[in-house]
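K.L.:
File run17.txt below, compact mmCIF, C-alpha atoms:
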# COMPACT_ATOMS: atom_id res chain seq x y z
CA MET L 1 24.89 6.39 -59.45
CA SER L 2 23.48 7.95 -56.21
CA SER L 3 24.82 6.58 -52.93
CA GLU L 4 21.33 6.83 -51.39
CA THR L 5 18.96 3.92 -51.93
CA LYS L 6 16.00 4.96 -54.00
CA GLN L 7 12.75 4.85 -52.00
CA ILE L 8 10.11 2.43 -53.31
CA LEU L 9 6.73 4.06 -53.87
CA THR L 10 3.28 2.62 -54.45
CA THR L 11 1.11 3.55 -57.44
CA ASP L 12 -0.41 6.33 -55.29
CA GLY L 13 2.98 7.85 -54.68
CA ILE L 14 3.06 6.75 -51.00
CA PRO L 15 6.22 5.09 -49.68
CA LEU L 16 5.78 1.31 -49.59
CA GLU L 17 6.87 1.05 -45.95
CA VAL L 18 4.23 3.60 -44.85
CA SER L 19 1.56 1.86 -46.92
CA LEU L 20 2.36 -1.53 -45.35
CA LYS L 21 2.18 -0.05 -41.83
CA LYS L 22 -1.23 1.45 -42.57
CA ALA L 23 -2.50 -1.87 -43.95
CA GLU L 24 -1.17 -3.72 -40.90
CA LYS L 25 -2.84 -1.20 -38.58
CA LYS L 26 -6.17 -1.63 -40.37
CA ASN L 27 -5.91 -5.43 -40.07
CA LYS L 28 -5.22 -5.16 -36.33
CA ILE L 29 -8.24 -2.88 -35.86
CA LYS L 30 -10.45 -5.31 -37.80
CA ALA L 31 -9.19 -8.24 -35.72
CA PHE L 32 -9.83 -6.33 -32.50
CA LEU L 33 -13.37 -5.39 -33.60
CA LEU L 34 -14.07 -9.06 -34.32
CA VAL L 35 -13.10 -10.15 -30.78
CA ALA L 36 -14.46 -7.00 -29.08
CA PRO L 37 -17.96 -8.50 -28.41
CA LEU L 38 -16.40 -11.55 -26.76
CA LEU L 39 -14.03 -9.36 -24.75
CA LEU L 40 -16.92 -7.16 -23.62
CA PHE L 41 -18.93 -10.26 -22.67
CA LEU L 42 -16.04 -11.58 -20.55
CA VAL L 43 -15.55 -8.21 -18.85
CA ILE L 44 -19.27 -7.91 -18.00
CA THR L 45 -19.88 -11.50 -16.93
CA TYR L 46 -16.50 -12.38 -15.40
CA ILE L 47 -14.24 -9.44 -14.54
CA PHE L 48 -16.94 -7.16 -13.09
CA PRO L 49 -18.50 -9.87 -10.86
CA ILE L 50 -15.08 -10.86 -9.50
CA GLY L 51 -14.27 -7.22 -8.83
CA ASP L 52 -17.61 -6.79 -7.07
CA MET L 53 -16.96 -9.91 -4.98
CA PHE L 54 -13.57 -8.55 -3.95
CA MET L 55 -15.02 -5.18 -2.93
CA ARG L 56 -17.77 -6.88 -0.92
CA SER L 57 -15.24 -9.09 0.85
CA VAL L 58 -13.09 -6.19 2.09
CA ASP L 59 -15.66 -3.38 2.36
CA ASP L 60 -16.58 -2.64 5.98
CA LYS L 61 -17.72 0.97 5.73
CA MET L 62 -21.31 0.33 6.84
CA ILE L 63 -20.65 0.43 10.59
CA THR L 64 -18.12 3.24 10.16
CA ASN L 65 -20.81 5.34 8.50
CA MET L 66 -23.46 4.38 11.06
CA LEU L 67 -21.38 5.08 14.19
CA PRO L 68 -19.17 8.09 13.37
CA LYS L 69 -19.29 9.64 16.86
CA THR L 70 -18.65 6.28 18.52
CA PHE L 71 -15.45 5.57 16.60
CA LYS L 72 -14.21 9.11 17.16
CA ALA L 73 -14.76 8.69 20.91
CA MET L 74 -13.10 5.25 20.86
CA GLU L 75 -9.85 6.85 19.72
CA LYS L 76 -9.47 8.11 23.32
CA TRP L 77 -10.18 4.66 24.79
CA GLU L 78 -6.72 3.57 25.95
CA ASN L 79 -7.20 0.79 28.51
CA LEU L 80 -8.77 -1.91 26.35
CA GLU L 81 -8.98 -4.38 29.23
CA GLU L 82 -11.65 -2.27 30.94
CA LEU L 83 -15.02 -1.00 29.73
CA PRO L 84 -14.88 2.18 27.63
CA PRO L 85 -15.47 5.55 29.33
CA GLU L 86 -18.76 7.43 29.57
CA GLU L 87 -17.97 9.39 26.40
CA VAL L 88 -17.98 6.23 24.28
CA TYR L 89 -21.31 5.07 25.74
CA ARG L 90 -22.92 8.47 25.14
CA SER L 91 -21.58 8.67 21.57
CA PHE L 92 -22.87 5.17 20.84
CA TYR L 93 -26.26 6.10 22.30
CA GLU L 94 -26.50 9.22 20.14
CA ASP L 95 -25.52 7.33 16.99
CA TYR L 96 -27.91 4.51 17.72
CA LYS L 97 -30.76 6.87 18.57
CA LEU L 98 -30.33 8.54 15.18
CA LEU L 99 -30.36 5.16 13.46
CA ALA L 100 -33.53 4.21 15.36
CA GLU L 101 -35.25 7.40 14.20
CA ASN L 102 -34.29 6.59 10.59
CA GLN L 103 -35.32 2.90 10.94
CA GLN L 104 -31.76 1.68 10.24
CA HIS L 105 -30.98 0.18 13.64
CA GLY L 106 -31.83 -3.36 12.46
CA LYS L 107 -29.00 -3.39 9.90
CA LEU L 108 -26.51 -2.37 12.58
CA GLY L 109 -27.66 -5.15 14.92
CA GLN L 110 -27.42 -7.78 12.19
CA ARG L 111 -23.96 -6.64 11.09
CA LEU L 112 -22.58 -6.52 14.65
CA ASN L 113 -24.11 -9.92 15.34
CA LYS L 114 -21.90 -11.35 12.58
CA GLU L 115 -18.91 -9.89 14.40
CA LYS L 116 -19.95 -11.34 17.77
CA ASN L 117 -23.01 -13.43 18.59
CA GLY L 118 -25.56 -11.79 20.85
CA PHE L 119 -25.35 -8.25 19.51
CA ASN L 120 -28.74 -8.39 17.82
CA THR L 121 -30.48 -9.17 21.11
CA ILE L 122 -28.91 -6.40 23.16
CA THR L 123 -29.30 -3.74 20.45
CA LYS L 124 -33.00 -4.59 20.15
CA LYS L 125 -33.35 -4.20 23.89
CA LEU L 126 -31.69 -0.78 23.70
CA PHE L 127 -34.03 0.15 20.83
CA ARG L 128 -37.09 -0.68 22.92
CA GLN L 129 -35.81 1.51 25.75
CA ILE L 130 -35.20 4.40 23.36
CA LYS L 131 -38.64 3.96 21.78
CA ARG L 132 -40.31 4.09 25.21
CA LYS L 133 -38.13 7.10 26.13
CA LYS L 134 -36.81 5.39 29.24
CA ILE L 135 -33.20 6.58 28.74
CA ASP L 136 -32.50 9.72 30.78
CA GLU L 137 -29.89 11.74 28.89
CA SER L 138 -29.22 14.01 31.89
CA VAL L 139 -27.53 11.22 33.87
CA SER L 140 -24.88 8.61 33.11
CA ILE L 141 -25.65 6.76 29.86
CA LYS L 142 -23.05 4.12 30.74
CA GLU L 143 -24.86 3.01 33.87
CA GLN L 144 -28.25 2.88 32.13
CA ILE L 145 -26.99 0.84 29.16
CA ASN L 146 -25.07 -1.57 31.41
CA LYS L 147 -28.27 -2.28 33.36
CA LEU L 148 -30.13 -3.33 30.21
CA HIS L 149 -28.14 -6.53 29.67
CA LYS L 150 -25.05 -8.17 31.13
CA ARG L 151 -23.44 -8.30 27.68
CA TRP L 152 -23.09 -4.51 27.69
CA ARG L 153 -20.83 -4.99 30.72
CA ASN L 154 -18.64 -7.42 28.74
CA VAL L 155 -15.66 -5.58 27.24
CA GLU L 156 -15.49 -8.11 24.38
CA TYR L 157 -18.62 -6.62 22.81
CA TRP L 158 -17.14 -3.11 22.83
CA LEU L 159 -13.90 -4.45 21.38
CA ALA L 160 -15.93 -6.10 18.62
CA ILE L 161 -17.32 -2.67 17.72
CA LYS L 162 -13.84 -1.18 17.78
CA ARG L 163 -12.54 -3.86 15.39
CA THR L 164 -15.05 -2.74 12.75
CA ALA L 165 -13.64 0.81 12.64
CA PRO L 166 -11.41 0.42 9.51
CA PRO L 167 -13.42 0.96 6.30
CA TYR L 168 -11.57 -1.92 4.61
CA THR L 169 -10.56 -5.15 6.30
CA VAL L 170 -9.35 -8.68 5.57
CA ALA L 171 -11.21 -10.06 8.58
CA LYS L 172 -13.53 -12.13 6.35
CA TYR L 173 -10.57 -13.91 4.79
CA LEU L 174 -9.19 -14.67 8.25
CA LYS L 175 -12.60 -15.94 9.30
CA GLY L 176 -12.55 -18.30 6.33
CA MET L 177 -9.39 -19.85 7.83
CA ASP L 178 -10.81 -19.88 11.39
CA MET L 179 -8.78 -16.88 12.53
CA TYR L 180 -9.59 -13.35 13.65
CA PHE L 181 -8.01 -10.11 14.79
CA ASP L 182 -7.46 -9.99 18.54
CA SER L 183 -8.04 -6.85 20.62
CA ASP L 184 -4.39 -5.87 20.20
CA GLY L 185 -4.55 -6.35 16.41
CA SER L 186 -2.71 -9.69 16.31
CA ILE L 187 -4.07 -12.64 14.34
CA THR L 188 -5.47 -15.38 16.59
CA GLN L 189 -7.05 -18.77 15.94
CA VAL L 190 -10.60 -19.40 17.08
CA GLU L 191 -11.36 -22.01 19.73
CA GLU L 192 -10.64 -25.57 18.62
CA ASP L 193 -14.29 -26.66 18.79
CA ARG L 194 -15.25 -23.84 16.38
CA ARG L 195 -12.65 -24.52 13.68
CA ILE L 196 -14.95 -25.70 10.91
CA HIS L 197 -13.72 -23.90 7.81
CA ARG L 198 -10.28 -25.53 7.70
CA ILE L 199 -11.98 -28.92 7.96
CA LEU L 200 -14.23 -27.98 5.03
CA TRP L 201 -11.28 -26.78 2.90
CA LEU L 202 -9.35 -30.01 3.53
CA ARG L 203 -12.45 -32.13 2.93
CA THR L 204 -13.12 -30.30 -0.35
CA LEU L 205 -9.58 -30.99 -1.58
CA GLU L 206 -9.78 -34.60 -0.39
CA ILE L 207 -13.09 -35.33 -2.12
CA ALA L 208 -12.03 -33.53 -5.32
CA PHE L 209 -8.76 -35.54 -5.38
CA PHE L 210 -10.39 -38.95 -4.87
CA VAL L 211 -13.23 -38.22 -7.30
CA THR L 212 -10.58 -37.32 -9.89
CA LEU L 213 -8.67 -40.51 -9.08
CA PHE L 214 -11.76 -42.73 -9.32
CA SER L 215 -12.81 -41.01 -12.55
CA PHE L 216 -9.37 -41.69 -14.04
CA PHE L 217 -9.31 -45.39 -13.10
CA MET L 218 -12.82 -45.88 -14.47
CA GLY L 219 -12.53 -43.54 -17.45
CA TYR L 220 -9.21 -44.77 -18.88
CA PRO L 221 -10.35 -48.29 -19.85
CA ILE L 222 -13.67 -46.91 -21.16
CA ALA L 223 -11.84 -44.40 -23.36
CA HIS L 224 -9.44 -47.12 -24.56
CA LEU L 225 -12.38 -49.33 -25.44
CA LEU L 226 -14.05 -46.48 -27.31
CA ALA L 227 -10.88 -45.84 -29.31
CA THR L 228 -10.25 -49.51 -30.27
CA LEU L 229 -13.73 -50.92 -30.87
CA PRO L 230 -15.28 -50.97 -34.35
CA MET L 231 -17.20 -47.81 -35.20
CA LYS L 232 -20.73 -49.23 -34.78
CA TYR L 233 -19.99 -50.51 -31.27
CA SER L 234 -17.94 -47.45 -30.40
CA ASN L 235 -20.83 -45.13 -31.29
CA LEU L 236 -23.22 -47.12 -29.11
CA LEU L 237 -20.83 -46.98 -26.17
CA MET L 238 -20.30 -43.25 -26.75
CA ILE L 239 -24.06 -42.71 -26.45
CA CYS L 240 -23.96 -44.46 -23.06
CA VAL L 241 -21.10 -42.19 -21.97
CA LEU L 242 -22.90 -39.04 -23.11
CA LEU L 243 -26.26 -40.09 -21.68
CA PRO L 244 -25.66 -38.26 -18.34
CA PHE L 245 -25.31 -34.98 -20.27
CA TRP L 246 -28.88 -35.39 -21.51
CA THR L 247 -30.28 -35.97 -18.02
CA SER L 248 -30.86 -33.31 -15.39
CA LEU L 249 -28.21 -33.16 -12.67
CA LEU L 250 -30.93 -33.09 -10.04
CA VAL L 251 -32.56 -36.22 -11.50
CA ARG L 252 -29.24 -38.10 -11.52
CA THR L 253 -28.52 -37.12 -7.92
CA ALA L 254 -32.02 -38.11 -6.81
CA SER L 255 -31.55 -41.47 -8.56
CA TRP L 256 -28.41 -42.14 -6.56
CA MET L 257 -30.28 -41.23 -3.37
CA ILE L 258 -32.80 -43.97 -4.19
CA LEU L 259 -30.13 -46.51 -5.12
CA LEU L 260 -27.80 -45.92 -2.17
CA GLN L 261 -30.27 -45.73 0.71
CA GLN L 262 -30.28 -48.58 3.24
CA GLN L 263 -33.36 -50.16 1.65
CA GLY L 264 -32.18 -49.31 -1.86
CA LEU L 265 -31.25 -51.54 -4.78
CA VAL L 266 -27.51 -51.52 -4.05
CA ASN L 267 -27.99 -52.73 -0.48
CA ASP L 268 -30.61 -55.25 -1.63
CA PHE L 269 -28.05 -56.66 -4.09
CA PHE L 270 -25.38 -56.91 -1.36
CA VAL L 271 -27.84 -58.81 0.85
CA MET L 272 -28.90 -61.08 -2.03
CA ILE L 273 -25.33 -62.19 -2.79
CA GLY L 274 -24.60 -62.64 0.93
CA LEU L 275 -22.01 -59.88 1.17
CA VAL L 276 -23.79 -58.32 4.16
CA GLY L 277 -26.60 -59.35 6.47
CA ASP L 278 -30.08 -57.90 6.19
CA ASP L 279 -29.75 -56.42 9.68
CA ASN L 280 -26.28 -54.99 8.95
CA ARG L 281 -26.80 -52.96 5.80
CA PRO L 282 -24.03 -50.38 5.22
CA GLU L 283 -24.88 -46.69 5.21
CA MET L 284 -23.98 -45.20 1.85
CA MET L 285 -26.08 -42.06 2.06
CA TYR L 286 -25.41 -38.76 3.83
CA ASN L 287 -21.67 -39.45 4.10
CA LYS L 288 -18.53 -39.38 1.95
CA VAL L 289 -19.37 -42.70 0.28
CA GLY L 290 -22.49 -41.28 -1.32
CA THR L 291 -20.59 -38.15 -2.37
CA TYR L 292 -17.80 -40.19 -3.97
CA VAL L 293 -20.17 -42.48 -5.87
CA ALA L 294 -22.54 -39.80 -7.16
CA MET L 295 -19.86 -37.25 -8.11
CA THR L 296 -17.69 -39.87 -9.84
CA GLN L 297 -20.60 -41.03 -12.01
CA ILE L 298 -21.62 -37.46 -12.86
CA LEU L 299 -18.08 -36.25 -13.70
CA LEU L 300 -16.93 -39.41 -15.48
CA PRO L 301 -17.72 -38.10 -19.02
CA PHE L 302 -15.41 -35.13 -18.43
CA MET L 303 -12.57 -37.63 -17.98
CA VAL L 304 -13.54 -40.00 -20.79
CA LEU L 305 -13.92 -37.44 -23.59
CA PRO L 306 -10.41 -35.85 -23.37
CA LEU L 307 -8.84 -39.31 -23.07
CA TYR L 308 -10.82 -40.64 -26.03
CA SER L 309 -9.93 -37.67 -28.24
CA VAL L 310 -6.21 -38.31 -27.62
CA MET L 311 -6.38 -42.12 -27.87
CA LYS L 312 -8.20 -41.92 -31.20
CA THR L 313 -5.16 -40.22 -32.76
CA ILE L 314 -2.73 -42.97 -31.62
CA SER L 315 -2.00 -45.44 -34.40
CA PRO L 316 -2.59 -49.15 -33.48
CA SER L 317 0.62 -50.00 -35.37
CA LEU L 318 2.66 -48.46 -32.53
CA MET L 319 1.56 -51.18 -30.11
CA ARG L 320 2.24 -53.86 -32.71
CA ALA L 321 5.70 -52.39 -33.27
CA GLY L 322 6.40 -52.49 -29.53
CA LYS L 323 5.39 -56.14 -29.35
CA SER L 324 7.44 -57.03 -32.44
CA LEU L 325 10.52 -55.57 -30.75
CA GLY L 326 10.21 -58.11 -27.95
CA GLY L 327 8.04 -56.28 -25.46
CA THR L 328 5.20 -57.99 -23.63
CA PRO L 329 1.71 -56.48 -24.06
CA PHE L 330 2.03 -54.72 -20.69
CA VAL L 331 5.52 -53.37 -21.45
CA ALA L 332 4.41 -52.19 -24.88
CA PHE L 333 1.41 -50.48 -23.31
CA TRP L 334 3.41 -48.88 -20.50
CA LYS L 335 6.39 -47.79 -22.61
CA VAL L 336 4.64 -46.84 -25.86
CA TYR L 337 0.91 -46.29 -25.48
CA PHE L 338 0.53 -44.78 -22.01
CA PRO L 339 3.05 -41.89 -22.47
CA LEU L 340 1.17 -40.81 -25.60
CA THR L 341 -2.06 -40.48 -23.60
CA ILE L 342 -0.57 -38.20 -20.91
CA PRO L 343 -1.89 -34.99 -22.57
CA GLY L 344 -5.43 -36.42 -22.36
CA ILE L 345 -4.86 -37.56 -18.79
CA GLY L 346 -3.73 -34.06 -17.81
CA ALA L 347 -6.73 -32.41 -19.47
CA GLY L 348 -9.22 -34.85 -17.96
CA CYS L 349 -7.78 -34.74 -14.44
CA LEU L 350 -7.56 -30.95 -14.41
CA LEU L 351 -11.11 -30.61 -15.74
CA VAL L 352 -12.63 -33.08 -13.27
CA PHE L 353 -10.70 -31.69 -10.28
CA ILE L 354 -11.70 -28.08 -10.97
CA LEU L 355 -15.35 -29.08 -11.43
CA ALA L 356 -15.33 -31.24 -8.30
CA ILE L 357 -13.75 -28.61 -6.09
CA GLY L 358 -16.68 -26.26 -6.67
CA TYR L 359 -19.52 -28.81 -6.75
CA TYR L 360 -22.61 -27.88 -4.79
CA ILE L 361 -25.90 -29.73 -5.52
CA THR L 362 -24.71 -33.33 -5.26
CA PRO L 363 -22.79 -32.96 -1.94
CA ALA L 364 -25.73 -30.99 -0.50
CA LEU L 365 -28.19 -33.80 -1.29
CA VAL L 366 -26.19 -36.99 -0.71
CA GLY L 367 -23.26 -35.81 1.40
CA GLY L 368 -24.90 -35.06 4.72
CA ALA L 369 -22.83 -33.47 7.46
CA SER L 370 -19.65 -35.42 6.64
CA GLY L 371 -19.87 -34.95 2.87
CA THR L 372 -20.56 -31.24 2.49
CA LEU L 373 -17.97 -29.07 0.77
CA ILE L 374 -16.88 -25.44 1.03
CA SER L 375 -19.31 -24.56 -1.78
CA ASN L 376 -22.22 -25.61 0.43
CA GLN L 377 -20.94 -23.25 3.13
CA ILE L 378 -20.76 -20.40 0.61
CA ALA L 379 -24.36 -21.06 -0.43
CA PHE L 380 -25.41 -21.20 3.24
CA HIS L 381 -24.06 -17.72 3.90
CA MET L 382 -25.54 -16.40 0.66
CA LYS L 383 -29.07 -17.67 1.33
CA THR L 384 -29.44 -18.14 5.09
CA THR L 385 -27.19 -15.80 7.05
CA LEU L 386 -27.14 -13.22 4.20
CA ASP L 387 -23.48 -12.56 5.00
CA TRP L 388 -22.57 -11.82 1.38
CA SER L 389 -19.20 -10.31 2.27
CA PHE L 390 -18.08 -13.55 3.94
CA ALA L 391 -19.50 -15.64 1.08
CA SER L 392 -17.62 -13.41 -1.40
CA ALA L 393 -14.39 -13.84 0.55
CA MET L 394 -14.70 -17.64 0.54
CA GLY L 395 -15.62 -17.60 -3.15
CA LEU L 396 -12.47 -15.63 -3.97
CA MET L 397 -10.41 -17.96 -1.78
CA LEU L 398 -11.81 -20.91 -3.75
CA LEU L 399 -11.05 -19.16 -7.05
CA THR L 400 -7.51 -18.38 -5.87
CA GLY L 401 -7.04 -22.02 -4.87
CA VAL L 402 -8.09 -23.18 -8.34
CA LEU L 403 -5.67 -20.72 -9.97
CA VAL L 404 -2.85 -21.92 -7.69
CA ILE L 405 -3.58 -25.54 -8.62
CA TYR L 406 -3.56 -24.55 -12.31
CA TRP L 407 -0.23 -22.75 -11.82
CA ILE L 408 1.32 -25.77 -10.06
CA TYR L 409 0.09 -28.05 -12.83
CA ASN L 410 1.61 -25.73 -15.42
CA LYS L 411 4.96 -25.80 -13.60
CA LEU L 412 5.01 -29.57 -13.12
CA VAL L 413 3.42 -30.82 -16.36
CA GLY L 414 2.94 -27.82 -18.60
CA VAL L 415 -0.28 -26.43 -20.01
CA ASP L 416 1.09 -26.95 -23.53
CA ASN L 417 0.82 -30.70 -22.95
CA ILE L 418 -2.96 -30.52 -22.39
CA LYS L 419 -5.02 -31.80 -25.27
CA LEU L 420 -8.80 -31.82 -25.54
CA GLY L 421 -8.84 -33.25 -29.02
Go ahead and express the file in the form of structure tokens.
P.N.:
Amino acid sequence: MSSETKQILTTDGIPLEVSLKKAEKKNKIKAFLLVAPLLLFLVITYIFPIGDMFMRSVDDKMITNMLPKTFKAMEKWENLEELPPEEVYRSFYEDYKLLAENQQHGKLGQRLNKEKNGFNTITKKLFRQIKRKKIDESVSIKEQINKLHKRWRNVEYWLAIKRTAPPYTVAKYLKGMDMYFDSDGSITQVEEDRRIHRILWLRTLEIAFFVTLFSFFMGYPIAHLLATLPMKYSNLLMICVLLPFWTSLLVRTASWMILLQQQGLVNDFFVMIGLVGDDNRPEMMYNKVGTYVAMTQILLPFMVLPLYSVMKTISPSLMRAGKSLGGTPFVAFWKVYFPLTIPGIGAGCLLVFILAIGYYITPALVGGASGTLISNQIAFHMKTTLDWSFASAMGLMLLTGVLVIYWIYNKLVGVDNIKLG
């Protein structure tokens, strides 16, 4: 008998091992082709937009391309505490004159105005002088520009131009945390009365946390009732829970605006039962109270449904067994029932928190100045100031924050413990 093991062949004369590898490869290709449309959809609608947001947030080549001579001349500007030399002024004038001839000077003024307020005004004044040909190129350009406006004699404006020299920058991310690059390149905090973004970040986390907490305390007993009631009553209650999904978000928010205003039904009820006086009605609109109430009602189904799907799988006999072993109803609930619902609690809390942290319409309508979130600030820069790079930076910071929260949750609780049904 041969010492070598005889190779097993298929009916086609191909080694069995090779045939199995080919079949496995074909199955993998088929599986990939099945998920390829979904993968392509995710890449187009998710990966590409995020990549574009990132590029917008760090891209600062516009001014570099518009003022090439200026930045080259600024390399020789050594004493940054004094105004730049004549060469810098003349280079800036030549660059700006070319932009004015090509009708691109407005973009430069708007972009520099985002770097330091007041730039748009002084660049327009320079444009008018160039258009009327009142700048004499045979004499000092520095003296003529400085006479146009006092801001040209302020070194901070020239330093603002110098800070925009790098084609890529993280200045927008620093701005989102109320910081900026100083003239020497160090990171500095803005003045205390202008630190608004940190307040908005903390307020966003605070409101998202309390909305999640309120949704949990209200949603848990509702989900328990849904899971324990007879089917005909449970279905009716489920319709009431799902009813907000069938109503426009704008309609629901507008309804709360009517209910919570000082002459609204809620205040009328408080006056009727004697809780408050008619001349001392509490303000529940355009503050955090309105934001809490409206967002909790809107996001409540996202807490109830994961809890209900988990509670429905828990056998009622477990509670009876806990009681039969000598436990009180509360002890049986706390020791037996509640731990089994933790996967639903984790799913509901994570879902509500992530939705609340990026909410926009409801805080904008009922929140007022003290109830607006970071998402409202992002929308403001997208629609009003048109500073899309800053809005992109804050959007990515918000996305990063959500991912960090998800990572912390995974470390503390574990994503494997999440159950949606």
K.L.:
Measuring atom to atom with all atoms listed in the file, identify which of L:Phe48, L:Tyr220, L:Phe32, L:Tyr157 is nearest to L:Asn117.
P.N.:
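Result for the nearest residue to L:Asn117: L:Tyr157.
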K.L.:
Find the residues near stretch 86-92 of chain L: any atom within 12 Å, counting only C-alpha atoms, skip ones fewer than 3 places away on the same chain, and give them as number ranges by chain.
P.N.:
L: 63-64, 66-78, 83, 95-99, 105, 108, 123, 126, 135-146, 152-153, 158-159, 161-162
K.L.:
Could you please determine the separation between atom CA of L:Asn376 and atom CA of L:Pro49 in Å, to one decimal place?
P.N.:
19.7 Å
K.L.:
With distances taken over only C-alpha atoms, which residue among L:Leu386, L:Leu373, L:Met394, L:Leu350 lies nearest L:Met303?
P.N.:
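Checking each of L:Leu386, L:Leu373, L:Met394, L:Leu350 against L:Met303, counting only C-alpha atoms, the winner is L:Leu350.
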K.L.:
Given only C-alpha atoms as the basis, pick out the residue of L:Cys349, L:Ala393, L:Leu260, L:Met319 nearest to L:Pro306.
P.N.:
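Closest to L:Pro306 of all the choices is L:Cys349.
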K.L.:
I'd like the contact shell of L:Phe380 - 12 Å cut-off, all atoms listed in the file, skipping same-chain residues fewer than 3 positions apart - returned as an MDAnalysis selection string.
P.N.:
chainID L and resid 360 364 372:377 383:388 390:392 394
K.L.:
Put those residues in a file: C-alpha atoms, as a PDB file, in the frame of the given file.
P.N.:
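Contents of part34.pdb, as written:
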ATOM      1  CA  TYR L 360     -22.610 -27.880  -4.790  1.00  0.00           C
ATOM      2  CA  ALA L 364     -25.730 -30.990  -0.500  1.00  0.00           C
ATOM      3  CA  THR L 372     -20.560 -31.240   2.490  1.00  0.00           C
ATOM      4  CA  LEU L 373     -17.970 -29.070   0.770  1.00  0.00           C
ATOM      5  CA  ILE L 374     -16.880 -25.440   1.030  1.00  0.00           C
ATOM      6  CA  SER L 375     -19.310 -24.560  -1.780  1.00  0.00           C
ATOM      7  CA  ASN L 376     -22.220 -25.610   0.430  1.00  0.00           C
ATOM      8  CA  GLN L 377     -20.940 -23.250   3.130  1.00  0.00           C
ATOM      9  CA  LYS L 383     -29.070 -17.670   1.330  1.00  0.00           C
ATOM     10  CA  THR L 384     -29.440 -18.140   5.090  1.00  0.00           C
ATOM     11  CA  THR L 385     -27.190 -15.800   7.050  1.00  0.00           C
ATOM     12  CA  LEU L 386     -27.140 -13.220   4.200  1.00  0.00           C
ATOM     13  CA  ASP L 387     -23.480 -12.560   5.000  1.00  0.00           C
ATOM     14  CA  TRP L 388     -22.570 -11.820   1.380  1.00  0.00           C
ATOM     15  CA  PHE L 390     -18.080 -13.550   3.940  1.00  0.00           C
ATOM     16  CA  ALA L 391     -19.500 -15.640   1.080  1.00  0.00           C
ATOM     17  CA  SER L 392     -17.620 -13.410  -1.400  1.00  0.00           C
ATOM     18  CA  MET L 394     -14.700 -17.640   0.540  1.00  0.00           C
TER      19      MET L 394
END
K.L.:
Counting all atoms listed in the file, which of L:Tyr286, L:Phe217, L:Phe41, L:Tyr173 gets nearest to L:Ser57?
P.N.:
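Looking at the shortest contact to L:Ser57, the residue is L:Tyr173.
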